file coords_27.tsv (TSV, C-alpha atoms)
chain	number	residue	atom	x	y	z
L	7	MET	CA	0.00	0.00	0.00
L	8	MET	CA	1.14	3.56	-0.66
L	9	ARG	CA	0.84	6.23	2.03
L	10	ILE	CA	1.17	9.94	1.32
L	11	LEU	CA	1.13	12.70	3.94
L	12	VAL	CA	0.03	16.00	2.41
L	13	LEU	CA	0.99	19.27	4.10
L	14	ASN	CA	-0.82	22.59	3.64
L	15	LEU	CA	1.11	25.33	5.42
L	16	GLY	CA	0.34	28.92	6.35
L	17	SER	CA	2.57	31.42	8.08
L	18	THR	CA	1.27	30.35	11.50
L	19	SER	CA	-0.89	27.36	10.59
L	20	PHE	CA	-0.38	23.69	9.80
L	21	LYS	CA	-2.90	21.43	8.09
L	22	CYS	CA	-2.36	17.90	6.88
L	23	LYS	CA	-4.12	14.82	5.56
L	24	LEU	CA	-2.80	11.28	5.52
L	25	TYR	CA	-3.89	9.12	2.57
L	26	GLN	CA	-3.63	5.48	1.69
L	27	MET	CA	-3.54	5.61	-2.11
L	28	SER	CA	-3.57	1.91	-3.00
L	29	PRO	CA	-5.25	-0.41	-3.60
L	30	VAL	CA	-8.02	2.23	-3.12
L	31	GLU	CA	-7.91	5.90	-2.09
L	32	VAL	CA	-8.70	6.31	1.62
L	33	GLN	CA	-8.17	9.29	3.89
L	34	LEU	CA	-6.74	7.78	7.06
L	35	ALA	CA	-6.36	10.90	9.18
L	36	SER	CA	-6.27	14.68	9.21
L	37	GLY	CA	-4.88	17.31	11.52
L	38	GLY	CA	-4.40	20.99	12.10
L	39	VAL	CA	-2.49	23.36	14.35
L	40	GLU	CA	-3.28	27.05	14.80
L	41	SER	CA	-1.09	29.89	16.08
L	42	ILE	CA	2.31	28.29	15.54
L	43	GLY	CA	4.90	30.32	17.42
L	44	GLY	CA	2.44	31.22	20.14
L	45	HIS	CA	-0.25	29.70	22.31
L	46	GLY	CA	-2.34	27.62	19.94
L	47	ARG	CA	-4.70	24.70	19.54
L	48	TYR	CA	-4.55	21.46	17.62
L	49	VAL	CA	-6.96	18.81	16.41
L	50	VAL	CA	-6.24	15.36	14.99
L	51	GLN	CA	-8.88	13.04	13.53
L	52	ALA	CA	-8.34	9.37	12.66
L	53	GLY	CA	-11.53	7.64	11.63
L	54	GLU	CA	-14.06	8.17	14.42
L	55	LYS	CA	-11.34	8.95	16.94
L	56	ARG	CA	-10.41	12.54	17.70
L	57	ARG	CA	-7.89	14.32	19.86
L	58	GLU	CA	-7.68	18.08	20.42
L	59	GLY	CA	-6.35	20.58	22.89
L	60	GLU	CA	-3.97	23.42	23.52
L	61	CYS	CA	-0.39	23.37	22.30
L	62	ALA	CA	2.71	25.52	22.02
L	63	CYS	CA	4.38	24.54	18.75
L	64	LYS	CA	7.33	26.80	18.02
L	65	THR	CA	7.77	25.61	14.43
L	66	HIS	CA	5.88	23.78	11.69
L	67	LEU	CA	8.11	20.77	12.32
L	68	ASP	CA	6.86	20.75	15.93
L	69	ALA	CA	3.33	20.68	14.54
L	70	LEU	CA	4.19	17.68	12.36
L	71	GLU	CA	5.70	15.89	15.35
L	72	LEU	CA	2.56	16.64	17.39
L	73	PHE	CA	0.37	15.21	14.64
L	74	LEU	CA	2.39	11.99	14.39
L	75	GLU	CA	2.43	11.61	18.18
L	76	ALA	CA	-1.33	12.13	18.38
L	77	LEU	CA	-1.89	9.49	15.72
L	78	GLY	CA	-0.07	7.01	17.91
L	79	ASP	CA	-2.24	7.96	20.88
L	80	LEU	CA	-5.30	7.32	18.72
L	81	GLY	CA	-4.11	3.83	17.92
L	82	MET	CA	-2.57	4.54	14.53
L	83	SER	CA	1.11	4.11	15.20
L	84	MET	CA	2.84	5.97	12.40
L	85	ASP	CA	6.29	4.66	11.66
L	86	ARG	CA	8.03	7.42	9.69
L	87	GLU	CA	9.56	4.76	7.44
L	88	ALA	CA	6.05	3.68	6.42
L	89	LEU	CA	5.46	6.98	4.62
L	90	ASP	CA	6.08	6.78	0.90
L	91	ALA	CA	6.30	10.56	0.65
L	92	VAL	CA	5.46	13.91	2.16
L	93	GLY	CA	3.65	16.02	-0.41
L	94	TYR	CA	3.42	19.80	-0.27
L	95	LYS	CA	0.67	22.03	-1.65
L	96	ALA	CA	3.50	24.29	-2.74
L	97	VAL	CA	2.66	27.69	-4.18
L	98	HIS	CA	5.19	29.20	-6.57
L	99	GLY	CA	7.98	27.54	-8.50
L	100	GLY	CA	8.11	29.95	-11.40
L	101	SER	CA	9.23	27.92	-14.41
L	102	LEU	CA	8.86	24.73	-12.35
L	103	SER	CA	5.37	23.32	-12.69
L	104	GLY	CA	3.69	20.10	-11.64
L	105	ALA	CA	5.12	17.65	-9.09
L	106	HIS	CA	8.86	17.45	-8.39
L	107	LEU	CA	11.05	15.70	-5.86
L	108	VAL	CA	12.45	18.23	-3.43
L	109	ASP	CA	16.17	18.78	-3.93
L	110	ASP	CA	18.63	21.66	-3.73
L	111	ALA	CA	17.79	22.93	-7.21
L	112	LEU	CA	14.06	23.00	-6.48
L	113	MET	CA	14.54	24.84	-3.21
L	114	GLU	CA	16.84	27.33	-4.92
L	115	GLN	CA	14.12	28.04	-7.48
L	116	MET	CA	11.46	28.41	-4.78
L	117	ASP	CA	13.73	30.79	-2.92
L	118	LYS	CA	14.14	32.83	-6.10
L	119	MET	CA	10.35	33.01	-6.51
L	120	ALA	CA	9.77	34.00	-2.88
L	121	VAL	CA	9.57	37.62	-3.99
L	122	PHE	CA	6.35	36.62	-5.81
L	123	ALA	CA	4.97	34.62	-2.87
L	124	PRO	CA	6.53	36.07	0.31
L	125	ALA	CA	3.77	34.74	2.56
L	126	HIS	CA	4.05	31.19	1.23
L	127	ASN	CA	7.40	30.08	-0.21
L	128	PRO	CA	9.59	30.82	2.84
L	129	VAL	CA	7.29	28.75	5.07
L	130	TYR	CA	7.43	25.76	2.76
L	131	LEU	CA	11.18	26.06	2.30
L	132	SER	CA	11.73	26.08	6.04
L	133	MET	CA	9.62	22.96	6.45
L	134	MET	CA	11.31	21.14	3.57
L	135	ARG	CA	14.74	21.79	5.06
L	136	SER	CA	13.60	20.72	8.53
L	137	VAL	CA	12.05	17.48	7.29
L	138	ARG	CA	15.13	16.67	5.23
L	139	GLU	CA	17.34	17.18	8.28
L	140	ARG	CA	15.11	15.21	10.66
L	141	TYR	CA	13.88	12.47	8.31
L	142	ASP	CA	16.41	12.24	5.52
L	143	ARG	CA	14.97	8.99	4.13
L	144	ILE	CA	11.48	10.35	3.50
L	145	ARG	CA	10.93	11.54	-0.03
L	146	GLN	CA	9.49	15.02	-0.28
L	147	ILE	CA	7.45	16.16	-3.26
L	148	ALA	CA	6.46	19.72	-4.12
L	149	CYS	CA	3.23	20.01	-6.11
L	150	PHE	CA	2.96	23.54	-7.41
L	151	GLU	CA	-0.36	25.37	-7.43
L	152	THR	CA	0.41	26.82	-10.84
L	153	ALA	CA	0.45	23.44	-12.60
L	154	PHE	CA	-3.24	23.26	-13.48
L	155	HIS	CA	-3.02	26.59	-15.29
L	156	ALA	CA	-0.20	25.56	-17.63
L	157	THR	CA	-2.87	25.14	-20.32
L	158	MET	CA	-3.75	28.84	-20.19
L	159	PRO	CA	-3.15	30.45	-23.62
L	160	LEU	CA	-0.05	32.62	-23.72
L	161	GLU	CA	-2.02	35.69	-24.79
L	162	ARG	CA	-3.84	35.49	-21.43
L	163	ALA	CA	-0.65	34.87	-19.49
L	164	VAL	CA	1.33	37.93	-20.57
L	165	TYR	CA	1.16	41.44	-19.17
L	166	GLY	CA	1.71	44.54	-21.28
L	167	VAL	CA	5.38	44.74	-20.34
L	168	PRO	CA	8.57	44.34	-22.38
L	169	TYR	CA	8.67	40.79	-23.74
L	170	ALA	CA	11.98	40.00	-22.04
L	171	TRP	CA	10.50	40.75	-18.64
L	172	ALA	CA	8.00	37.94	-19.14
L	173	MET	CA	10.34	35.42	-20.74
L	174	GLU	CA	13.49	36.08	-18.68
L	175	ASP	CA	12.21	37.44	-15.36
L	176	GLY	CA	8.95	35.52	-15.08
L	177	LEU	CA	6.72	38.62	-14.98
L	178	ARG	CA	3.62	36.89	-16.29
L	179	ARG	CA	0.37	35.36	-15.11
L	180	TYR	CA	0.70	31.93	-13.54
L	181	GLY	CA	-2.63	31.39	-11.78
L	182	PHE	CA	-3.03	29.68	-8.40
L	183	HIS	CA	-5.45	27.57	-6.36
L	184	GLY	CA	-4.59	24.89	-8.90
L	185	SER	CA	-5.24	21.99	-6.52
L	186	SER	CA	-8.75	23.23	-5.77
L	187	HIS	CA	-9.69	24.13	-9.34
L	188	SER	CA	-8.28	20.86	-10.70
L	189	TYR	CA	-10.36	18.95	-8.15
L	190	ILE	CA	-13.50	20.78	-9.31
L	191	ALA	CA	-12.59	20.01	-12.94
L	192	TRP	CA	-12.18	16.32	-12.07
L	193	LYS	CA	-15.32	16.22	-9.90
L	194	MET	CA	-17.48	17.87	-12.56
L	195	GLY	CA	-16.14	15.38	-15.08
L	196	GLN	CA	-17.50	12.65	-12.80
L	197	ILE	CA	-20.91	14.11	-11.93
L	198	ALA	CA	-21.67	16.44	-14.85
L	199	PRO	CA	-19.61	15.40	-17.89
L	200	HIS	CA	-22.03	17.27	-20.15
L	201	ALA	CA	-20.87	20.59	-18.65
L	202	ARG	CA	-17.94	21.49	-20.91
L	203	ARG	CA	-17.73	25.18	-19.94
L	204	VAL	CA	-17.31	25.54	-16.18
L	205	ILE	CA	-16.37	28.40	-13.87
L	206	SER	CA	-14.90	27.25	-10.56
L	207	ALA	CA	-15.32	29.95	-7.90
L	208	HIS	CA	-12.93	29.18	-5.03
L	209	LEU	CA	-13.95	31.76	-2.44
L	210	GLY	CA	-12.40	31.82	1.02
L	211	GLY	CA	-9.51	33.39	2.90
L	212	SER	CA	-8.03	33.85	-0.54
L	213	SER	CA	-10.23	33.71	-3.61
L	214	SER	CA	-9.99	33.11	-7.33
L	215	LEU	CA	-12.16	32.13	-10.27
L	216	CYS	CA	-11.03	29.68	-12.93
L	217	ALA	CA	-12.42	29.18	-16.43
L	218	ILE	CA	-12.37	25.46	-17.24
L	219	LEU	CA	-12.97	24.22	-20.77
L	220	ASP	CA	-13.19	20.45	-21.30
L	221	GLY	CA	-11.45	19.87	-17.98
L	222	GLN	CA	-8.55	22.26	-18.61
L	223	SER	CA	-7.84	25.70	-17.20
L	224	VAL	CA	-7.97	28.50	-19.75
L	225	TYR	CA	-7.82	31.39	-17.28
L	226	ASN	CA	-7.40	32.10	-13.57
L	227	THR	CA	-8.06	35.47	-11.94
L	228	MET	CA	-4.79	35.31	-9.99
L	229	GLY	CA	-1.76	36.49	-11.91
L	230	ALA	CA	1.95	36.55	-11.16
L	231	THR	CA	1.26	36.25	-7.43
L	232	PRO	CA	-1.46	34.86	-5.15
L	233	GLN	CA	-2.09	38.45	-3.97
L	234	SER	CA	-3.86	39.43	-7.18
L	235	GLY	CA	-7.30	39.13	-8.77
L	236	LEU	CA	-10.29	39.28	-6.44
L	237	PHE	CA	-9.56	40.99	-3.14
L	238	HIS	CA	-9.06	38.50	-0.34
L	239	ASN	CA	-9.69	38.42	3.40
L	240	ASN	CA	-6.81	40.78	4.16
L	241	ARG	CA	-4.94	41.04	0.83
L	242	VAL	CA	-5.62	43.73	-1.74
L	243	GLY	CA	-6.16	41.76	-4.92
L	244	ASP	CA	-5.76	43.79	-8.10
L	245	LEU	CA	-4.43	47.32	-7.62
L	246	ASP	CA	-3.17	49.92	-10.08
L	247	VAL	CA	0.61	49.73	-9.73
L	248	PHE	CA	0.80	53.53	-10.06
L	249	CYS	CA	-0.86	53.81	-6.65
L	250	LEU	CA	2.38	52.59	-5.06
L	251	PRO	CA	4.21	55.97	-4.96
L	252	ALA	CA	1.31	57.52	-3.04
L	253	LEU	CA	1.17	54.57	-0.62
L	254	ILE	CA	4.93	54.68	-0.07
L	255	GLN	CA	4.68	58.37	0.75
L	256	ARG	CA	1.70	57.83	3.05
L	257	LEU	CA	3.14	54.83	4.92
L	258	GLY	CA	6.84	55.67	4.95
L	259	GLY	CA	8.39	53.15	2.59
L	260	LEU	CA	7.94	50.28	0.16
L	261	GLU	CA	8.16	47.59	2.84
L	262	GLU	CA	5.44	49.25	4.90
L	263	ALA	CA	3.23	49.68	1.82
L	264	MET	CA	3.61	46.06	0.77
L	265	LYS	CA	2.87	44.85	4.28
L	266	ALA	CA	-0.31	46.94	4.45
L	267	LEU	CA	-1.46	45.68	1.07
L	268	SER	CA	-0.93	42.04	2.09
L	269	THR	CA	-2.15	42.11	5.71
L	270	GLN	CA	-4.43	45.11	6.29
L	271	SER	CA	-6.37	45.29	3.04
L	272	GLY	CA	-9.01	43.22	1.28
L	273	LEU	CA	-12.22	42.49	3.17
L	274	LEU	CA	-10.62	43.59	6.45
L	275	GLY	CA	-9.38	46.92	5.19
L	276	LEU	CA	-12.46	47.84	3.19
L	277	SER	CA	-15.00	46.85	5.85
L	278	GLY	CA	-13.04	48.07	8.87
L	279	VAL	CA	-14.76	45.22	10.73
L	280	SER	CA	-13.16	41.83	10.11
L	281	ASN	CA	-11.47	39.56	7.59
L	282	ASP	CA	-14.28	37.04	8.17
L	283	LEU	CA	-17.13	37.49	5.67
L	284	ARG	CA	-19.69	36.19	8.18
L	285	GLU	CA	-18.86	38.99	10.60
L	286	VAL	CA	-18.83	41.57	7.83
L	287	GLU	CA	-22.23	40.39	6.57
L	288	GLN	CA	-23.64	40.60	10.09
L	289	ALA	CA	-22.29	44.13	10.53
L	290	ALA	CA	-23.81	45.09	7.18
L	291	GLU	CA	-27.20	43.74	8.24
L	292	GLU	CA	-26.93	45.80	11.44
L	293	GLY	CA	-26.53	48.99	9.42
L	294	ASN	CA	-22.77	49.36	9.05
L	295	ASP	CA	-22.45	51.12	5.67
L	296	GLN	CA	-18.74	50.39	5.33
L	297	ALA	CA	-19.31	46.67	5.88
L	298	ALA	CA	-22.19	46.75	3.38
L	299	LEU	CA	-19.89	48.35	0.82
L	300	ALA	CA	-17.29	45.61	1.32
L	301	VAL	CA	-19.86	42.87	0.71
L	302	LYS	CA	-21.25	44.64	-2.35
L	303	ALA	CA	-17.75	45.18	-3.75
L	304	LEU	CA	-16.77	41.53	-3.37
L	305	VAL	CA	-20.04	40.38	-4.95
L	306	ASP	CA	-19.45	42.84	-7.78
L	307	GLU	CA	-15.94	41.52	-8.40
L	308	VAL	CA	-17.16	37.91	-8.56
L	309	VAL	CA	-19.95	38.91	-10.95
L	310	GLY	CA	-17.60	40.95	-13.14
L	311	TYR	CA	-15.02	38.21	-13.42
L	312	THR	CA	-17.77	35.67	-14.09
L	313	GLY	CA	-18.80	37.73	-17.10
L	314	MET	CA	-15.23	37.93	-18.36
L	315	LEU	CA	-14.60	34.21	-17.90
L	316	THR	CA	-17.89	33.38	-19.60
L	317	ALA	CA	-16.65	35.31	-22.63
L	318	TYR	CA	-13.37	33.37	-22.58
L	319	LEU	CA	-15.32	30.11	-22.49
L	320	GLY	CA	-17.69	31.15	-25.24
L	321	GLY	CA	-20.67	30.59	-22.95
L	322	LEU	CA	-21.29	28.90	-19.63
L	323	ASP	CA	-22.70	25.50	-18.70
L	324	ALA	CA	-22.02	25.44	-14.96
L	325	LEU	CA	-20.92	27.72	-12.11
L	326	VAL	CA	-19.39	25.92	-9.13
L	327	PHE	CA	-19.02	27.55	-5.70
L	328	THR	CA	-16.30	26.04	-3.52
L	329	GLY	CA	-13.88	27.05	-0.75
L	330	GLY	CA	-14.88	28.17	2.75
L	331	ILE	CA	-17.10	31.02	1.55
L	332	GLY	CA	-18.15	29.42	-1.72
L	333	PHE	CA	-19.42	26.21	-0.15
L	334	ASN	CA	-20.76	27.60	3.12
L	335	GLY	CA	-21.82	31.15	2.20
L	336	ALA	CA	-25.45	30.72	1.09
L	337	LYS	CA	-26.25	34.42	1.46
L	338	PHE	CA	-23.22	35.39	-0.58
L	339	ARG	CA	-24.03	32.86	-3.31
L	340	ARG	CA	-27.56	34.25	-3.55
L	341	LYS	CA	-26.25	37.80	-3.99
L	342	VAL	CA	-23.86	36.72	-6.75
L	343	VAL	CA	-26.35	34.62	-8.71
L	344	GLY	CA	-28.96	37.37	-8.32
L	345	LYS	CA	-26.74	39.55	-10.54
L	346	LEU	CA	-26.14	36.86	-13.16
L	347	GLY	CA	-29.55	37.00	-14.76
L	348	PHE	CA	-27.88	38.15	-17.98
L	349	CYS	CA	-26.63	34.59	-18.49
L	350	GLY	CA	-29.88	32.99	-17.35
L	351	ALA	CA	-28.62	31.94	-13.91
L	352	ARG	CA	-31.28	31.39	-11.25
L	353	ILE	CA	-30.82	29.95	-7.80
L	354	ASP	CA	-33.25	27.79	-5.83
L	355	ASP	CA	-33.47	29.39	-2.38
L	356	THR	CA	-34.51	26.17	-0.67
L	357	LEU	CA	-31.63	24.17	-2.12
L	358	ASN	CA	-29.19	27.02	-1.60
L	359	TYR	CA	-29.90	27.35	2.11
L	360	GLN	CA	-30.20	23.61	2.69
L	361	GLY	CA	-26.46	23.37	3.25
L	362	TYR	CA	-25.78	20.22	1.27
L	363	GLU	CA	-23.40	19.40	-1.54
L	364	GLY	CA	-24.90	19.36	-5.01
L	365	LEU	CA	-27.04	21.31	-7.45
L	366	ILE	CA	-28.62	24.51	-6.11
L	367	ASN	CA	-30.04	26.09	-9.27
L	368	ALA	CA	-33.71	26.66	-9.97
L	369	ALA	CA	-35.46	24.42	-12.48
L	370	ASP	CA	-35.70	27.26	-15.00
L	371	SER	CA	-32.02	28.24	-14.76
L	372	ASP	CA	-30.13	28.21	-18.06
L	373	ILE	CA	-26.91	27.15	-16.33
L	374	GLU	CA	-26.22	24.64	-13.60
L	375	ILE	CA	-25.15	26.04	-10.24
L	376	TRP	CA	-23.29	23.76	-7.86
L	377	ALA	CA	-22.04	23.96	-4.28
L	378	LEU	CA	-19.16	21.50	-3.92
L	379	GLN	CA	-16.56	20.87	-1.24
L	380	THR	CA	-13.07	20.99	-2.65
L	381	ASN	CA	-10.32	18.53	-1.79
L	382	GLU	CA	-6.97	20.10	-2.55
L	383	GLU	CA	-4.97	17.59	-0.56
L	384	LEU	CA	-6.33	14.63	-2.52
L	385	MET	CA	-5.13	16.19	-5.77
L	386	VAL	CA	-1.66	16.68	-4.26
L	387	ALA	CA	-1.61	13.04	-3.12
L	388	ARG	CA	-2.58	11.88	-6.62
L	389	ALA	CA	0.18	14.00	-8.16
L	390	CYS	CA	2.67	12.45	-5.74
L	391	VAL	CA	1.60	8.94	-6.73
L	392	ARG	CA	2.00	9.71	-10.43
L	393	LEU	CA	5.51	11.04	-9.83
L	394	LEU	CA	6.55	8.10	-7.65
L	395	LYS	CA	5.30	5.57	-10.19
L	396	GLY	CA	7.43	7.29	-12.81
L	397	CYS	CA	10.60	7.28	-10.70

call {"tool": "encode", "arguments": {"input": "coords_27.tsv", "output": "structure tokens"}}
result
Amino acid sequence: MMRILVLNLGSTSFKCKLYQMSPVEVQLASGGVESIGGHGRYVVQAGEKRREGECACKTHLDALELFLEALGDLGMSMDREALDAVGYKAVHGGSLSGAHLVDDALMEQMDKMAVFAPAHNPVYLSMMRSVRERYDRIRQIACFETAFHATMPLERAVYGVPYAWAMEDGLRRYGFHGSSHSYIAWKMGQIAPHARRVISAHLGGSSSLCAILDGQSVYNTMGATPQSGLFHNNRVGDLDVFCLPALIQRLGGLEEAMKALSTQSGLLGLSGVSNDLREVEQAAEEGNDQAALAVKALVDEVVGYTGMLTAYLGGLDALVFTGGIGFNGAKFRRKVVGKLGFCGARIDDTLNYQGYEGLINAADSDIEIWALQTNEELMVARACVRLLKGC
């Protein structure tokens, strides 16, 4: 049997899923740690058994050790040698795409691309080096989020900059959330193979829309970095680059401006309330005009990009909501679909608020509307298996 441990890392968070990939795909366990570097909490689930509590993990490696220890306490003794690989939902490898064994050359390339993904690449690099030092026999595999978007036409990948900047310096659109959007493409191929033209709306802490034609990505709203496109929970999204001089003057320097754009902006900055859409929606309902503006602006961005992606697809067969907001945010979905009447989209309020996974469109809707849970880690595990079988 083949076992793959998939890691999904944030600056102060650790999430993982353990899969048995043969003879059948089975998720054996999952875990998460919050507030790494401070006083945090953890949870580990193995089948029906669960363990949770407070913790004080100083590093992501500590979080991994805690997860493996907890598995043992739950009766699933995890011999490190029994792992076929540790797979990473890695973010940016620039010219590197797809799944690759972690080695010095790969880490050097990720380090080079850290300027494009400063909140992501350094965290993964630190973990890769720590795992290699502690468990040198475990194979590590980086599965880059950009891989699914390699099929995007070049005319949609380039910016209006000197050609050499794109070809030599990598200043081009890459697209992200590839694990999530590729899962939706695969899932729709299973449950709705007739839907050739699909928009996958991954909405959550970070958000992006993907145009999928016959199972392949032809556009993603994120560009050279995961900071772009729709605005996110606390990241700016798209911004006119010529605003930077004014921000630098206002905030006292480029570093301060970039930090504000990546930590104090987005839903948090615009609403002045929270980076959690649920709290912003509640504030809006209680009469907070600034919160109401933030909700309207995010809805408007999703609607606008949906129109653009529909044009790229030459029409639309299905719109899929996924991610934390996309799957759980019934009120938000209703607002978005309510503005998509131009393409014949109509939502069924009963199905929408029912909170289940499946079709939520009205019977007279011209396009299918789905609410689906994504599974990014499963796609990473599958990519790891394909690579290992080819080694």

call {"tool": "closest_residue", "arguments": {"input": "coords_27.tsv", "among": "L:Leu274, L:Leu77, L:Ile373, L:Ile10", "to": "L:Arg203", "atoms": "all atoms listed in the file"}}
result
L:Ile373

call {"tool": "atom_distance", "arguments": {"input": "coords_27.tsv", "atom1": "atom CA of L:Ser136", "atom2": "atom CA of L:Phe182"}}
result
25.4 Å

call {"tool": "residues_around", "arguments": {"input": "coords_27.tsv", "residues": "L:Val301", "least_positions_apart": "2", "cutoff": "12 Å", "atoms": "only C-alpha atoms", "output": "PyMOL selection string"}}
result
chain L and resi 237-239+272-274+276-291+294-299+303-308+335+337-339+341-342

call {"tool": "residues_around", "arguments": {"input": "coords_27.tsv", "residues": "L:Leu253", "least_positions_apart": "6", "cutoff": "10 Å", "atoms": "only C-alpha atoms", "output": "PDB file with C-alpha atoms, in the frame of the given file"}}
result
ATOM      1  CA  GLY L 259       8.390  53.150   2.590  1.00  0.00           C
ATOM      2  CA  LEU L 260       7.940  50.280   0.160  1.00  0.00           C
ATOM      3  CA  GLU L 262       5.440  49.250   4.900  1.00  0.00           C
ATOM      4  CA  ALA L 263       3.230  49.680   1.820  1.00  0.00           C
ATOM      5  CA  MET L 264       3.610  46.060   0.770  1.00  0.00           C
ATOM      6  CA  ALA L 266      -0.310  46.940   4.450  1.00  0.00           C
ATOM      7  CA  LEU L 267      -1.460  45.680   1.070  1.00  0.00           C
TER       8      LEU L 267
END

call {"tool": "closest_residue", "arguments": {"input": "coords_27.tsv", "among": "L:Val30, L:Leu393, L:Leu384, L:Val97", "to": "L:Thr231", "atoms": "only C-alpha atoms"}}
result
L:Val97

call {"tool": "residues_around", "arguments": {"input": "coords_27.tsv", "residues": "L:His45", "least_positions_apart": "3", "cutoff": "12 Å", "atoms": "all atoms listed in the file", "output": "PyMOL selection string"}}
result
chain L and resi 18-19+39-42+48+59-65

call {"tool": "closest_residue", "arguments": {"input": "coords_27.tsv", "among": "L:Gly258, L:Gly181, L:Gly361, L:Gly221", "to": "L:His200", "atoms": "all atoms listed in the file"}}
result
L:Gly221

call {"tool": "atom_distance", "arguments": {"input": "coords_27.tsv", "atom1": "atom CA of L:Arg162", "atom2": "atom CA of L:Gly235"}}
result
13.6 Å
